[in-house]
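Data block for input.cif (mmCIF, C-alpha atoms):
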```
data_data
loop_
_atom_site.group_PDB
_atom_site.id
_atom_site.type_symbol
_atom_site.label_atom_id
_atom_site.label_comp_id
_atom_site.auth_asym_id
_atom_site.auth_seq_id
_atom_site.Cartn_x
_atom_site.Cartn_y
_atom_site.Cartn_z
ATOM 1 C CA MET E 1 -169.526 58.375 -58.904
ATOM 2 C CA ASN E 2 -167.037 56.424 -56.780
ATOM 3 C CA HIS E 3 -165.826 58.499 -53.836
ATOM 4 C CA ASN E 4 -162.223 57.369 -54.307
ATOM 5 C CA LEU E 5 -162.238 58.707 -57.856
ATOM 6 C CA THR E 6 -163.746 62.025 -56.783
ATOM 7 C CA ASN E 7 -161.105 62.378 -54.072
ATOM 8 C CA ILE E 8 -158.344 61.727 -56.610
ATOM 9 C CA PHE E 9 -159.929 64.258 -58.981
ATOM 10 C CA GLN E 10 -160.176 66.913 -56.268
ATOM 11 C CA GLY E 11 -156.686 66.222 -54.985
ATOM 12 C CA MET E 12 -155.184 66.591 -58.444
ATOM 13 C CA ILE E 13 -156.950 69.930 -58.874
ATOM 14 C CA LEU E 14 -155.500 71.161 -55.581
ATOM 15 C CA ILE E 15 -151.978 69.971 -56.420
ATOM 16 C CA ILE E 16 -152.045 71.608 -59.854
ATOM 17 C CA LEU E 17 -153.462 74.879 -58.539
ATOM 18 C CA SER E 18 -151.203 75.251 -55.491
ATOM 19 C CA PRO E 19 -148.400 77.087 -57.403
ATOM 20 C CA PHE E 20 -151.097 79.226 -59.031
ATOM 21 C CA PHE E 21 -152.365 80.270 -55.590
ATOM 22 C CA MET E 22 -148.836 81.284 -54.572
ATOM 23 C CA GLY E 23 -148.390 83.179 -57.822
ATOM 24 C CA THR E 24 -151.720 84.938 -57.284
ATOM 25 C CA LEU E 25 -150.676 85.955 -53.763
ATOM 26 C CA ASN E 26 -147.407 87.394 -55.098
ATOM 27 C CA LYS E 27 -149.291 89.243 -57.843
ATOM 28 C CA ILE E 28 -151.797 90.768 -55.415
ATOM 29 C CA LYS E 29 -148.985 91.958 -53.143
ATOM 30 C CA ALA E 30 -147.167 93.511 -56.100
ATOM 31 C CA LEU E 31 -150.288 95.383 -57.219
ATOM 32 C CA MET E 32 -150.881 96.639 -53.682
ATOM 33 C CA ARG E 33 -147.307 97.957 -53.601
ATOM 34 C CA GLY E 34 -147.833 99.853 -56.829
ATOM 35 C CA TYR E 35 -145.945 97.830 -59.428
ATOM 36 C CA LYS E 36 -146.870 95.243 -62.027
ATOM 37 C CA GLY E 37 -145.066 92.296 -60.494
ATOM 38 C CA PRO E 38 -144.515 88.817 -61.939
ATOM 39 C CA SER E 39 -147.125 86.797 -63.771
ATOM 40 C CA VAL E 40 -149.326 84.514 -61.715
ATOM 41 C CA LEU E 41 -147.739 81.671 -63.694
ATOM 42 C CA GLN E 42 -144.190 82.673 -62.717
ATOM 43 C CA VAL E 43 -144.109 80.086 -59.931
ATOM 44 C CA TYR E 44 -144.633 77.287 -62.475
ATOM 45 C CA TYR E 45 -141.695 78.642 -64.480
ATOM 46 C CA ASP E 46 -139.518 78.795 -61.348
ATOM 47 C CA LEU E 47 -140.354 75.176 -60.480
ATOM 48 C CA SER E 48 -139.567 74.160 -64.052
ATOM 49 C CA LYS E 49 -136.141 75.828 -63.807
ATOM 50 C CA LEU E 50 -135.403 73.994 -60.555
ATOM 51 C CA SER E 51 -136.221 70.670 -62.219
ATOM 52 C CA LYS E 52 -133.456 71.324 -64.781
ATOM 53 C CA LYS E 53 -130.758 72.323 -62.283
ATOM 54 C CA ASP E 54 -128.212 69.981 -60.765
ATOM 55 C CA THR E 55 -128.726 68.772 -57.207
ATOM 56 C CA ILE E 56 -125.846 69.711 -54.921
ATOM 57 C CA ARG E 57 -125.711 68.384 -51.370
ATOM 58 C CA SER E 58 -123.443 69.170 -48.458
ATOM 59 C CA GLY E 59 -120.629 66.732 -47.830
ATOM 60 C CA ARG E 60 -121.942 66.342 -44.284
ATOM 61 C CA SER E 61 -125.486 65.467 -45.345
ATOM 62 C CA SER E 62 -126.861 61.931 -45.133
ATOM 63 C CA PHE E 63 -129.802 59.970 -46.499
ATOM 64 C CA VAL E 64 -132.077 62.428 -44.648
ATOM 65 C CA THR E 65 -131.395 65.154 -47.207
ATOM 66 C CA GLU E 66 -131.778 62.644 -50.026
ATOM 67 C CA TYR E 67 -135.157 61.260 -48.974
ATOM 68 C CA GLY E 68 -136.533 64.121 -46.861
ATOM 69 C CA PRO E 69 -137.878 66.174 -49.811
ATOM 70 C CA VAL E 70 -139.573 63.069 -51.228
ATOM 71 C CA MET E 71 -141.170 62.412 -47.832
ATOM 72 C CA ALA E 72 -142.403 66.017 -47.558
ATOM 73 C CA LEU E 73 -143.986 66.005 -51.018
ATOM 74 C CA SER E 74 -145.498 62.528 -50.521
ATOM 75 C CA VAL E 75 -147.198 63.635 -47.299
ATOM 76 C CA ALA E 76 -148.473 66.842 -48.915
ATOM 77 C CA VAL E 77 -149.891 64.957 -51.894
ATOM 78 C CA THR E 78 -151.518 62.380 -49.595
ATOM 79 C CA CYS E 79 -153.222 65.108 -47.551
ATOM 80 C CA SER E 80 -154.535 66.779 -50.699
ATOM 81 C CA PHE E 81 -156.591 63.638 -51.420
ATOM 82 C CA MET E 82 -158.117 63.671 -47.932
ATOM 83 C CA ILE E 83 -160.028 66.972 -47.993
ATOM 84 C CA PRO E 84 -163.028 68.245 -49.982
ATOM 85 C CA VAL E 85 -162.245 70.886 -52.594
ATOM 86 C CA ILE E 86 -165.244 71.364 -54.891
ATOM 87 C CA PHE E 87 -167.324 68.254 -54.096
ATOM 88 C CA VAL E 88 -168.537 66.657 -50.884
ATOM 89 C CA GLY E 89 -170.535 63.430 -50.872
ATOM 90 C CA SER E 90 -172.829 62.020 -48.221
ATOM 91 C CA LYS E 91 -170.290 59.458 -47.028
ATOM 92 C CA ASN E 92 -166.509 59.358 -47.088
ATOM 93 C CA SER E 93 -164.119 57.222 -45.063
ATOM 94 C CA LEU E 94 -161.237 59.671 -45.510
ATOM 95 C CA GLY E 95 -160.865 63.117 -43.990
ATOM 96 C CA ASN E 96 -160.145 62.495 -40.312
ATOM 97 C CA LEU E 97 -158.908 65.864 -39.076
ATOM 98 C CA ILE E 98 -156.545 64.444 -36.458
ATOM 99 C CA LEU E 99 -154.910 62.229 -39.090
ATOM 100 C CA ILE E 100 -154.594 65.192 -41.471
ATOM 101 C CA VAL E 101 -152.918 67.343 -38.811
ATOM 102 C CA PHE E 102 -150.478 64.557 -37.942
ATOM 103 C CA LEU E 103 -149.634 64.044 -41.616
ATOM 104 C CA LEU E 104 -149.094 67.757 -42.170
ATOM 105 C CA GLY E 105 -146.719 67.640 -39.223
ATOM 106 C CA GLY E 106 -144.701 65.175 -41.289
ATOM 107 C CA ILE E 107 -143.843 67.957 -43.746
ATOM 108 C CA LYS E 108 -142.535 70.030 -40.869
ATOM 109 C CA LEU E 109 -140.577 67.037 -39.538
ATOM 110 C CA ALA E 110 -138.945 66.504 -42.933
ATOM 111 C CA ASP E 111 -138.001 70.191 -43.182
ATOM 112 C CA ALA E 112 -136.581 70.168 -39.653
ATOM 113 C CA LEU E 113 -134.478 67.043 -40.236
ATOM 114 C CA ILE E 114 -133.143 68.468 -43.502
ATOM 115 C CA GLY E 115 -132.218 71.704 -41.731
ATOM 116 C CA LEU E 116 -130.241 69.801 -39.114
ATOM 117 C CA ASP E 117 -128.720 67.252 -41.481
ATOM 118 C CA SER E 118 -126.375 69.624 -43.325
ATOM 119 C CA SER E 119 -124.733 70.797 -40.052
ATOM 120 C CA SER E 120 -125.340 74.386 -41.143
ATOM 121 C CA THR E 121 -125.768 77.037 -38.451
ATOM 122 C CA PHE E 122 -128.574 78.580 -40.511
ATOM 123 C CA GLY E 123 -130.341 75.223 -40.739
ATOM 124 C CA GLY E 124 -130.133 74.657 -37.002
ATOM 125 C CA MET E 125 -131.358 78.179 -36.296
ATOM 126 C CA GLY E 126 -134.337 77.843 -38.645
ATOM 127 C CA THR E 127 -135.228 74.421 -37.258
ATOM 128 C CA SER E 128 -135.199 75.614 -33.644
ATOM 129 C CA ARG E 129 -137.425 78.570 -34.545
ATOM 130 C CA GLU E 130 -139.833 76.429 -36.558
ATOM 131 C CA LEU E 131 -140.230 73.840 -33.804
ATOM 132 C CA PHE E 132 -140.622 76.563 -31.184
ATOM 133 C CA LEU E 133 -143.577 77.999 -33.114
ATOM 134 C CA SER E 134 -145.041 74.558 -33.780
ATOM 135 C CA MET E 135 -144.932 73.725 -30.081
ATOM 136 C CA LEU E 136 -147.274 76.682 -29.529
ATOM 137 C CA ALA E 137 -149.472 76.447 -32.632
ATOM 138 C CA GLU E 138 -150.283 72.740 -32.753
ATOM 139 C CA PRO E 139 -152.170 72.637 -29.410
ATOM 140 C CA VAL E 140 -154.341 75.463 -30.756
ATOM 141 C CA MET E 141 -155.008 73.409 -33.885
ATOM 142 C CA PHE E 142 -156.193 70.480 -31.778
ATOM 143 C CA LEU E 143 -158.467 72.819 -29.816
ATOM 144 C CA ILE E 144 -159.975 73.939 -33.121
ATOM 145 C CA ILE E 145 -160.591 70.280 -33.960
ATOM 146 C CA MET E 146 -162.195 69.867 -30.523
ATOM 147 C CA TYR E 147 -164.520 72.786 -31.255
ATOM 148 C CA LEU E 148 -165.506 71.289 -34.606
ATOM 149 C CA TYR E 149 -166.235 67.955 -32.928
ATOM 150 C CA PHE E 150 -168.414 69.614 -30.278
ATOM 151 C CA GLN E 151 -170.225 71.610 -32.953
ATOM 152 C CA TYR E 152 -170.769 68.899 -35.583
ATOM 153 C CA GLY E 153 -170.293 65.610 -33.713
ATOM 154 C CA THR E 154 -167.655 64.238 -36.084
ATOM 155 C CA LEU E 155 -163.952 64.496 -36.875
ATOM 156 C CA ASN E 156 -164.464 63.860 -40.588
ATOM 157 C CA ILE E 157 -163.887 67.031 -42.610
ATOM 158 C CA PHE E 158 -166.275 65.859 -45.356
ATOM 159 C CA GLU E 159 -169.093 65.405 -42.836
ATOM 160 C CA ILE E 160 -168.273 68.710 -41.110
ATOM 161 C CA THR E 161 -168.427 70.539 -44.451
ATOM 162 C CA LEU E 162 -171.690 68.846 -45.389
ATOM 163 C CA ASN E 163 -173.288 69.541 -41.987
ATOM 164 C CA ASN E 164 -172.200 73.190 -42.039
ATOM 165 C CA LEU E 165 -173.512 73.517 -45.601
ATOM 166 C CA HIS E 166 -176.991 72.584 -44.396
ATOM 167 C CA MET E 167 -176.927 74.923 -41.380
ATOM 168 C CA SER E 168 -178.814 78.172 -41.867
ATOM 169 C CA THR E 169 -177.065 80.271 -39.232
ATOM 170 C CA THR E 170 -173.498 81.172 -38.322
ATOM 171 C CA THR E 171 -172.784 81.190 -34.594
ATOM 172 C CA ALA E 172 -170.434 83.454 -32.685
ATOM 173 C CA GLY E 173 -168.306 80.389 -31.993
ATOM 174 C CA ASP E 174 -167.893 79.773 -35.729
ATOM 175 C CA ILE E 175 -166.587 83.304 -36.266
ATOM 176 C CA LEU E 176 -164.132 83.016 -33.375
ATOM 177 C CA ALA E 177 -162.959 79.592 -34.570
ATOM 178 C CA PHE E 178 -162.516 80.950 -38.101
ATOM 179 C CA VAL E 179 -160.240 83.770 -36.904
ATOM 180 C CA SER E 180 -158.317 81.350 -34.687
ATOM 181 C CA PHE E 181 -157.814 78.953 -37.611
ATOM 182 C CA PHE E 182 -156.691 81.843 -39.822
ATOM 183 C CA ILE E 183 -153.962 82.775 -37.324
ATOM 184 C CA VAL E 184 -152.810 79.145 -37.220
ATOM 185 C CA LEU E 185 -152.714 79.194 -41.030
ATOM 186 C CA ILE E 186 -150.371 82.196 -40.902
ATOM 187 C CA VAL E 187 -148.107 80.565 -38.309
ATOM 188 C CA GLU E 188 -147.995 77.077 -39.822
ATOM 189 C CA ASN E 189 -147.164 78.398 -43.292
ATOM 190 C CA ALA E 190 -144.503 80.883 -42.142
ATOM 191 C CA ARG E 191 -146.222 84.017 -43.435
ATOM 192 C CA LEU E 192 -145.895 87.573 -42.171
ATOM 193 C CA PRO E 193 -145.808 88.768 -39.419
ATOM 194 C CA ILE E 194 -144.324 85.426 -38.234
ATOM 195 C CA ASP E 195 -141.844 84.923 -41.074
ATOM 196 C CA ASN E 196 -140.932 86.762 -44.263
ATOM 197 C CA PRO E 197 -140.733 84.274 -47.167
ATOM 198 C CA GLU E 198 -139.331 86.962 -49.491
ATOM 199 C CA THR E 199 -135.983 87.381 -47.726
ATOM 200 C CA HIS E 200 -132.883 85.431 -46.763
ATOM 201 C CA LEU E 201 -131.709 87.729 -44.007
ATOM 202 C CA GLU E 202 -130.413 85.899 -40.942
ATOM 203 C CA LEU E 203 -132.632 87.768 -38.483
ATOM 204 C CA THR E 204 -135.836 86.935 -40.342
ATOM 205 C CA MET E 205 -135.386 83.418 -41.722
ATOM 206 C CA ILE E 206 -137.351 80.485 -40.394
ATOM 207 C CA HIS E 207 -138.563 78.220 -43.210
ATOM 208 C CA GLU E 208 -135.998 79.515 -45.711
ATOM 209 C CA ALA E 209 -133.155 78.811 -43.261
ATOM 210 C CA MET E 210 -134.067 75.119 -43.076
ATOM 211 C CA VAL E 211 -133.923 74.641 -46.848
ATOM 212 C CA LEU E 212 -131.091 77.090 -47.585
ATOM 213 C CA ASP E 213 -128.632 74.297 -48.508
ATOM 214 C CA LEU E 214 -131.003 72.602 -50.965
ATOM 215 C CA SER E 215 -130.861 73.002 -54.720
ATOM 216 C CA GLY E 216 -132.245 71.502 -57.905
ATOM 217 C CA ARG E 217 -134.712 68.653 -57.529
ATOM 218 C CA ASP E 218 -134.502 68.659 -53.725
ATOM 219 C CA LEU E 219 -135.509 72.323 -53.533
ATOM 220 C CA LEU E 220 -138.239 71.744 -56.116
ATOM 221 C CA LEU E 221 -139.835 68.993 -54.016
ATOM 222 C CA ILE E 222 -139.649 70.998 -50.786
ATOM 223 C CA GLU E 223 -141.039 74.174 -52.356
ATOM 224 C CA LEU E 224 -143.881 72.287 -54.035
ATOM 225 C CA ALA E 225 -144.700 70.520 -50.748
ATOM 226 C CA SER E 226 -144.863 73.903 -48.976
ATOM 227 C CA MET E 227 -147.171 75.296 -51.661
ATOM 228 C CA ILE E 228 -149.485 72.291 -51.442
ATOM 229 C CA LYS E 229 -149.535 72.585 -47.645
ATOM 230 C CA PHE E 230 -150.477 76.257 -47.970
ATOM 231 C CA ALA E 231 -153.259 75.367 -50.432
ATOM 232 C CA ILE E 232 -154.515 72.621 -48.088
ATOM 233 C CA PHE E 233 -154.826 75.028 -45.164
ATOM 234 C CA ILE E 234 -156.687 77.593 -47.286
ATOM 235 C CA THR E 235 -158.987 74.899 -48.687
ATOM 236 C CA MET E 236 -159.725 73.593 -45.205
ATOM 237 C CA ILE E 237 -160.606 77.023 -43.829
ATOM 238 C CA VAL E 238 -162.919 77.960 -46.710
ATOM 239 C CA ASN E 239 -164.679 74.594 -46.875
ATOM 240 C CA ILE E 240 -165.101 74.139 -43.132
ATOM 241 C CA PHE E 241 -166.277 77.646 -42.281
ATOM 242 C CA ILE E 242 -167.516 79.003 -45.642
ATOM 243 C CA PRO E 243 -168.815 75.902 -47.433
ATOM 244 C CA PHE E 244 -171.478 77.615 -49.554
ATOM 245 C CA GLY E 245 -171.224 76.715 -53.233
ATOM 246 C CA ILE E 246 -169.514 73.357 -52.778
ATOM 247 C CA SER E 247 -171.260 70.707 -54.864
ATOM 248 C CA THR E 248 -173.056 67.738 -53.318
ATOM 249 C CA SER E 249 -173.682 66.126 -56.706
ATOM 250 C CA PHE E 250 -171.056 65.174 -59.265
ATOM 251 C CA ALA E 251 -172.866 66.806 -62.180
ATOM 252 C CA ILE E 252 -170.747 68.809 -64.628
ATOM 253 C CA PRO E 253 -172.686 72.133 -64.351
ATOM 254 C CA LEU E 254 -172.642 71.960 -60.535
ATOM 255 C CA ILE E 255 -168.950 71.055 -60.471
ATOM 256 C CA ILE E 256 -168.081 74.019 -62.720
ATOM 257 C CA GLU E 257 -170.121 76.358 -60.522
ATOM 258 C CA ALA E 258 -168.500 74.933 -57.381
ATOM 259 C CA ALA E 259 -165.028 75.392 -58.907
ATOM 260 C CA GLY E 260 -165.769 79.053 -59.668
ATOM 261 C CA LEU E 261 -167.036 79.739 -56.147
ATOM 262 C CA PHE E 262 -164.102 77.849 -54.630
ATOM 263 C CA LEU E 263 -161.636 80.028 -56.530
ATOM 264 C CA ALA E 264 -163.525 83.167 -55.467
ATOM 265 C CA LYS E 265 -163.299 82.159 -51.788
ATOM 266 C CA VAL E 266 -159.625 81.258 -52.083
ATOM 267 C CA PHE E 267 -158.854 84.592 -53.781
ATOM 268 C CA ALA E 268 -160.651 86.390 -50.949
ATOM 269 C CA VAL E 269 -158.448 84.636 -48.372
ATOM 270 C CA LEU E 270 -155.342 85.350 -50.466
ATOM 271 C CA PHE E 271 -156.346 89.016 -50.657
ATOM 272 C CA VAL E 272 -156.552 89.235 -46.849
ATOM 273 C CA ILE E 273 -153.172 87.506 -46.478
ATOM 274 C CA ALA E 274 -151.644 89.859 -49.068
ATOM 275 C CA MET E 275 -153.048 92.895 -47.294
ATOM 276 C CA ILE E 276 -151.564 91.707 -43.992
ATOM 277 C CA GLU E 277 -148.160 91.105 -45.584
ATOM 278 C CA VAL E 278 -148.117 94.511 -47.282
ATOM 279 C CA LEU E 279 -149.313 96.540 -44.302
ATOM 280 C CA ILE E 280 -147.610 94.736 -41.389
ATOM 281 C CA ALA E 281 -143.868 94.334 -40.830
ATOM 282 C CA LYS E 282 -142.319 91.144 -39.529
ATOM 283 C CA SER E 283 -142.461 90.942 -35.753
ATOM 284 C CA ARG E 284 -139.706 89.749 -33.444
ATOM 285 C CA LEU E 285 -139.613 86.005 -32.899
ATOM 286 C CA PHE E 286 -140.495 86.293 -29.214
ATOM 287 C CA ARG E 287 -143.570 88.365 -30.086
ATOM 288 C CA ALA E 288 -144.986 85.430 -32.052
ATOM 289 C CA PRO E 289 -146.355 83.733 -28.889
ATOM 290 C CA ASP E 290 -148.528 86.818 -28.346
ATOM 291 C CA LEU E 291 -150.267 86.222 -31.681
ATOM 292 C CA ILE E 292 -150.665 82.517 -30.977
ATOM 293 C CA ALA E 293 -152.053 83.395 -27.533
ATOM 294 C CA VAL E 294 -154.736 85.447 -29.286
ATOM 295 C CA SER E 295 -155.614 82.399 -31.387
ATOM 296 C CA PHE E 296 -155.706 80.244 -28.241
ATOM 297 C CA SER E 297 -158.013 82.710 -26.450
ATOM 298 C CA LEU E 298 -160.354 82.881 -29.439
ATOM 299 C CA ILE E 299 -160.770 79.121 -29.733
ATOM 300 C CA ILE E 300 -161.300 78.750 -25.974
ATOM 301 C CA ALA E 301 -164.033 81.389 -26.255
ATOM 302 C CA ALA E 302 -165.496 79.534 -29.249
ATOM 303 C CA ILE E 303 -165.623 76.266 -27.292
ATOM 304 C CA SER E 304 -167.278 78.111 -24.390
ATOM 305 C CA PHE E 305 -169.932 79.500 -26.746
ATOM 306 C CA SER E 306 -170.469 76.059 -28.241
ATOM 307 C CA ARG E 307 -170.799 74.182 -24.948
ATOM 308 C CA PHE E 308 -172.389 76.661 -22.574
ATOM 309 C CA ILE E 309 -174.091 79.467 -24.516
ATOM 310 C CA ASP E 310 -175.266 78.237 -27.919
#
```

Could you express the structure from this file as structure tokens?
Amino acid sequence: MNHNLTNIFQGMILIILSPFFMGTLNKIKALMRGYKGPSVLQVYYDLSKLSKKDTIRSGRSSFVTEYGPVMALSVAVTCSFMIPVIFVGSKNSLGNLILIVFLLGGIKLADALIGLDSSSTFGGMGTSRELFLSMLAEPVMFLIIMYLYFQYGTLNIFEITLNNLHMSTTTAGDILAFVSFFIVLIVENARLPIDNPETHLELTMIHEAMVLDLSGRDLLLIELASMIKFAIFITMIVNIFIPFGISTSFAIPLIIEAAGLFLAKVFAVLFVIAMIEVLIAKSRLFRAPDLIAVSFSLIIAAISFSRFID
């Protein structure tokens, strides 16, 4: 089957399932806290309600607020077509990790510009906090890419997944890189203990502060872009470091099996994230560099294992 068609197929699956992943995370957290909680499909209902609401913009806002949400969603959708989800072929021209990281940074850029555009003090505060964390987390992400290049000799995520799928052993460097990537996932997607997405309190807001002035369609596009970005990071971590079960042949039985195993791996990651968010309180902003420093130390150790020990 044509690789472009398979990439479109996989990307559409990821886009459709991204609100479901967020709903599943909310459901797991509710069950851990001892109450029933909303349905896993509640997020779809919330997005549907936003699509029916009027869009209200600040009188100080410019074209940035008008086109920023479209830019964020367009970048998120583009990235979803550039990573393997349930199928990885022998050759694929897409999937350059450096390009993916730069594109994902475009979502953050759109959010930051929107936060500044309304001239809101909350927006400026959230933007400064978000960019402060990004300044620390993005170098770690590029070190993770460096480790993957040293380990697999390519920057293509499809080839990395395929090569790791055929490897029989897991090295110490892989484990360290996995934990480092997981911390970056937490930071880049504004999850606890870095940010609390369930509150709008001034002392805790980062992502929510940047989009506080949005409503209706604008908020829908930004929220959906954030969900897709979250799903992309989870998909990348499970398919790079835990690729077992991903299909190398586009046969219906293998694709169904790969989809089931993919969902199982994603739910496992969501369970760990939910457990962290239930058991750990939000930390102070200036404690966040300590967590990122742990991620940095882990990936440096992983590179050392890869180059000098393994």

task = For Ile242 (chain E), please output as a ChimeraX atom specification all residues within 10 Å (counting all atoms listed in the file; exclusion window: fewer than 2 positions along the same chain).
result = /E:161,164-165,170,174,178,235-240,244-246,262,265

Restrict the calculation to only C-alpha atoms, then for each residue of region 9-35 of chain E with any atom at most 9 Å from an atom of region 227-232 of chain E give the closest atom pair and their distance in Å to one decimal, rows by chain and rising residue number, as CSV.
```
residue,atom,partner,partner_atom,distance
E:Leu14,CA,E:Ala231,CA,7.0
E:Ile15,CA,E:Ile228,CA,6.0
E:Ile16,CA,E:Ile228,CA,8.8
E:Leu17,CA,E:Ala231,CA,8.1
E:Ser18,CA,E:Ile228,CA,5.3
E:Pro19,CA,E:Met227,CA,6.1
E:Phe21,CA,E:Ala231,CA,7.2
E:Met22,CA,E:Met227,CA,6.9
```

request  = Pull out every residue that the PyMOL selection byres ((chain E and resi 47-49) around 9) matches in the shown coordinates and put them as a list of chain:residue names.
outcome  =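 So the PyMOL selection byres ((chain E and resi 47-49) around 9), applied here, picks out E:Pro19, E:Gln42, E:Val43, E:Tyr44, E:Tyr45, E:Asp46, E:Leu50, E:Ser51, E:Lys52, E:Lys53, E:Gly216, E:Leu219, E:Leu220, E:Leu221, E:Glu223, E:Leu224.
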
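Computed from the coordinates, the CA of Ile56 (chain E) to CA of Val77 (chain E) distance equals 24.7 Å.
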
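Nearest to Phe102 (chain E) of all the residues E:Phe142, E:Phe63, E:Phe87, E:Phe150 is E:Phe142, based on all atoms listed in the file.
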
Output check: residues returned by the PyMOL selection byres ((chain E and resi 105-110) around 10), as a PyMOL selection string = chain E and resi 64-65+67-76+99-104+111-115+127+130-131+134+138+188-189+207+210+222+225-226+229

Applying 9 Å and all atoms listed in the file, which residues near Ile280 (chain E) remain after dropping the ones on its own chain fewer than 4 positions away? List them as a PDB file with C-alpha atoms, in the coordinates of the input.
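Okay, selection.pdb is ready:
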```pdb
ATOM      1  CA  LEU E 192    -145.895  87.573 -42.171  1.00  0.00           C
ATOM      2  CA  PRO E 193    -145.808  88.768 -39.419  1.00  0.00           C
ATOM      3  CA  MET E 275    -153.048  92.895 -47.294  1.00  0.00           C
ATOM      4  CA  ILE E 276    -151.564  91.707 -43.992  1.00  0.00           C
TER       5      ILE E 276
END
```

ask   = So which residues fall inside 12 Å of (-170.4, 72.6, -25.7) if we count all atoms listed in the file? Mind giving them as an MDAnalysis selection string?
value = chainID E and resid 146:153 173 300:310

task = Using the chain letters and numbers from the file, give me the residues hit by the PyMOL selection byres ((chain E and resi 271) around 12), as a list of chain:residue names.
result =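 Going through the file, the PyMOL selection byres ((chain E and resi 271) around 12) ends up selecting E:Phe21, E:Met22, E:Thr24, E:Leu25, E:Asn26, E:Lys27, E:Ile28, E:Lys29, E:Ala30, E:Leu31, E:Met32, E:Ile234, E:Leu263, E:Ala264, E:Lys265, E:Val266, E:Phe267, E:Ala268, E:Val269, E:Leu270, E:Val272, E:Ile273, E:Ala274, E:Met275, E:Ile276, E:Glu277, E:Val278.
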
key: Selected residue, from E:Ala258, E:Leu212, E:Ala288, E:Ile13, that lies nearest to Arg191 (chain E) when counting all atoms listed in the file   =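 Between E:Ala258, E:Leu212, E:Ala288, E:Ile13, the residue approaching Arg191 (chain E) most closely is E:Ala288.
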
As lines of an AutoDock Vina configuration file, please report the centre and edge lengths, rounded to one decimal in Å, of the axis-aligned box that holds all listed atoms of region 103-120 of chain E with 8 Å of padding on each of the six sides.
```
center_x = -137.2
center_y = 69.2
center_z = -41.4
size_x = 40.9
size_y = 26.3
size_z = 20.6
```

request  = Calculate how many Å separate CA of Asp218 (chain E) from CA of Glu66 (chain E), rounding to one decimal.
outcome  =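 Rounded to one decimal, the two atoms are 7.6 Å apart.
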
Repaired coordinates for region 27-41 of chain E (N, CA and C atoms) as an mmCIF file, in the frame of the given file:
```cif
data_model
loop_
_atom_site.group_PDB
_atom_site.id
_atom_site.type_symbol
_atom_site.label_atom_id
_atom_site.label_comp_id
_atom_site.auth_asym_id
_atom_site.auth_seq_id
_atom_site.Cartn_x
_atom_site.Cartn_y
_atom_site.Cartn_z
ATOM 1 N N LYS E 27 -148.773 88.222 -56.922
ATOM 2 C CA LYS E 27 -149.291 89.243 -57.843
ATOM 3 C C LYS E 27 -150.118 90.281 -57.095
ATOM 4 N N ILE E 28 -150.975 89.836 -56.191
ATOM 5 C CA ILE E 28 -151.797 90.768 -55.415
ATOM 6 C C ILE E 28 -150.920 91.686 -54.582
ATOM 7 N N LYS E 29 -149.883 91.133 -53.955
ATOM 8 C CA LYS E 29 -148.985 91.958 -53.143
ATOM 9 C C LYS E 29 -148.259 92.983 -54.001
ATOM 10 N N ALA E 30 -147.848 92.572 -55.204
ATOM 11 C CA ALA E 30 -147.167 93.511 -56.100
ATOM 12 C C ALA E 30 -148.095 94.657 -56.498
ATOM 13 N N LEU E 31 -149.333 94.341 -56.831
ATOM 14 C CA LEU E 31 -150.288 95.383 -57.219
ATOM 15 C C LEU E 31 -150.571 96.326 -56.056
ATOM 16 N N MET E 32 -150.661 95.796 -54.853
ATOM 17 C CA MET E 32 -150.881 96.639 -53.682
ATOM 18 C C MET E 32 -149.705 97.580 -53.429
ATOM 19 N N ARG E 33 -148.507 97.132 -53.803
ATOM 20 C CA ARG E 33 -147.307 97.957 -53.601
ATOM 21 C C ARG E 33 -147.081 98.954 -54.732
ATOM 22 N N GLY E 34 -147.890 98.854 -55.778
ATOM 23 C CA GLY E 34 -147.833 99.853 -56.829
ATOM 24 C C GLY E 34 -147.006 99.492 -58.039
ATOM 25 N N TYR E 35 -146.654 98.202 -58.211
ATOM 26 C CA TYR E 35 -145.945 97.830 -59.428
ATOM 27 C C TYR E 35 -146.576 96.583 -60.037
ATOM 28 N N LYS E 36 -146.206 96.300 -61.269
ATOM 29 C CA LYS E 36 -146.870 95.243 -62.027
ATOM 30 C C LYS E 36 -146.632 93.872 -61.428
ATOM 31 N N GLY E 37 -145.382 93.577 -61.104
ATOM 32 C CA GLY E 37 -145.066 92.296 -60.494
ATOM 33 C C GLY E 37 -145.009 91.164 -61.505
ATOM 34 N N PRO E 38 -144.621 89.980 -61.038
ATOM 35 C CA PRO E 38 -144.515 88.817 -61.939
ATOM 36 C C PRO E 38 -145.886 88.274 -62.314
ATOM 37 N N SER E 39 -145.896 87.471 -63.354
ATOM 38 C CA SER E 39 -147.125 86.797 -63.771
ATOM 39 C C SER E 39 -147.547 85.791 -62.708
ATOM 40 N N VAL E 40 -148.840 85.516 -62.670
ATOM 41 C CA VAL E 40 -149.326 84.514 -61.715
ATOM 42 C C VAL E 40 -148.798 83.127 -62.058
ATOM 43 N N LEU E 41 -148.299 82.959 -63.281
ATOM 44 C CA LEU E 41 -147.739 81.671 -63.694
ATOM 45 C C LEU E 41 -146.231 81.593 -63.475
#
```
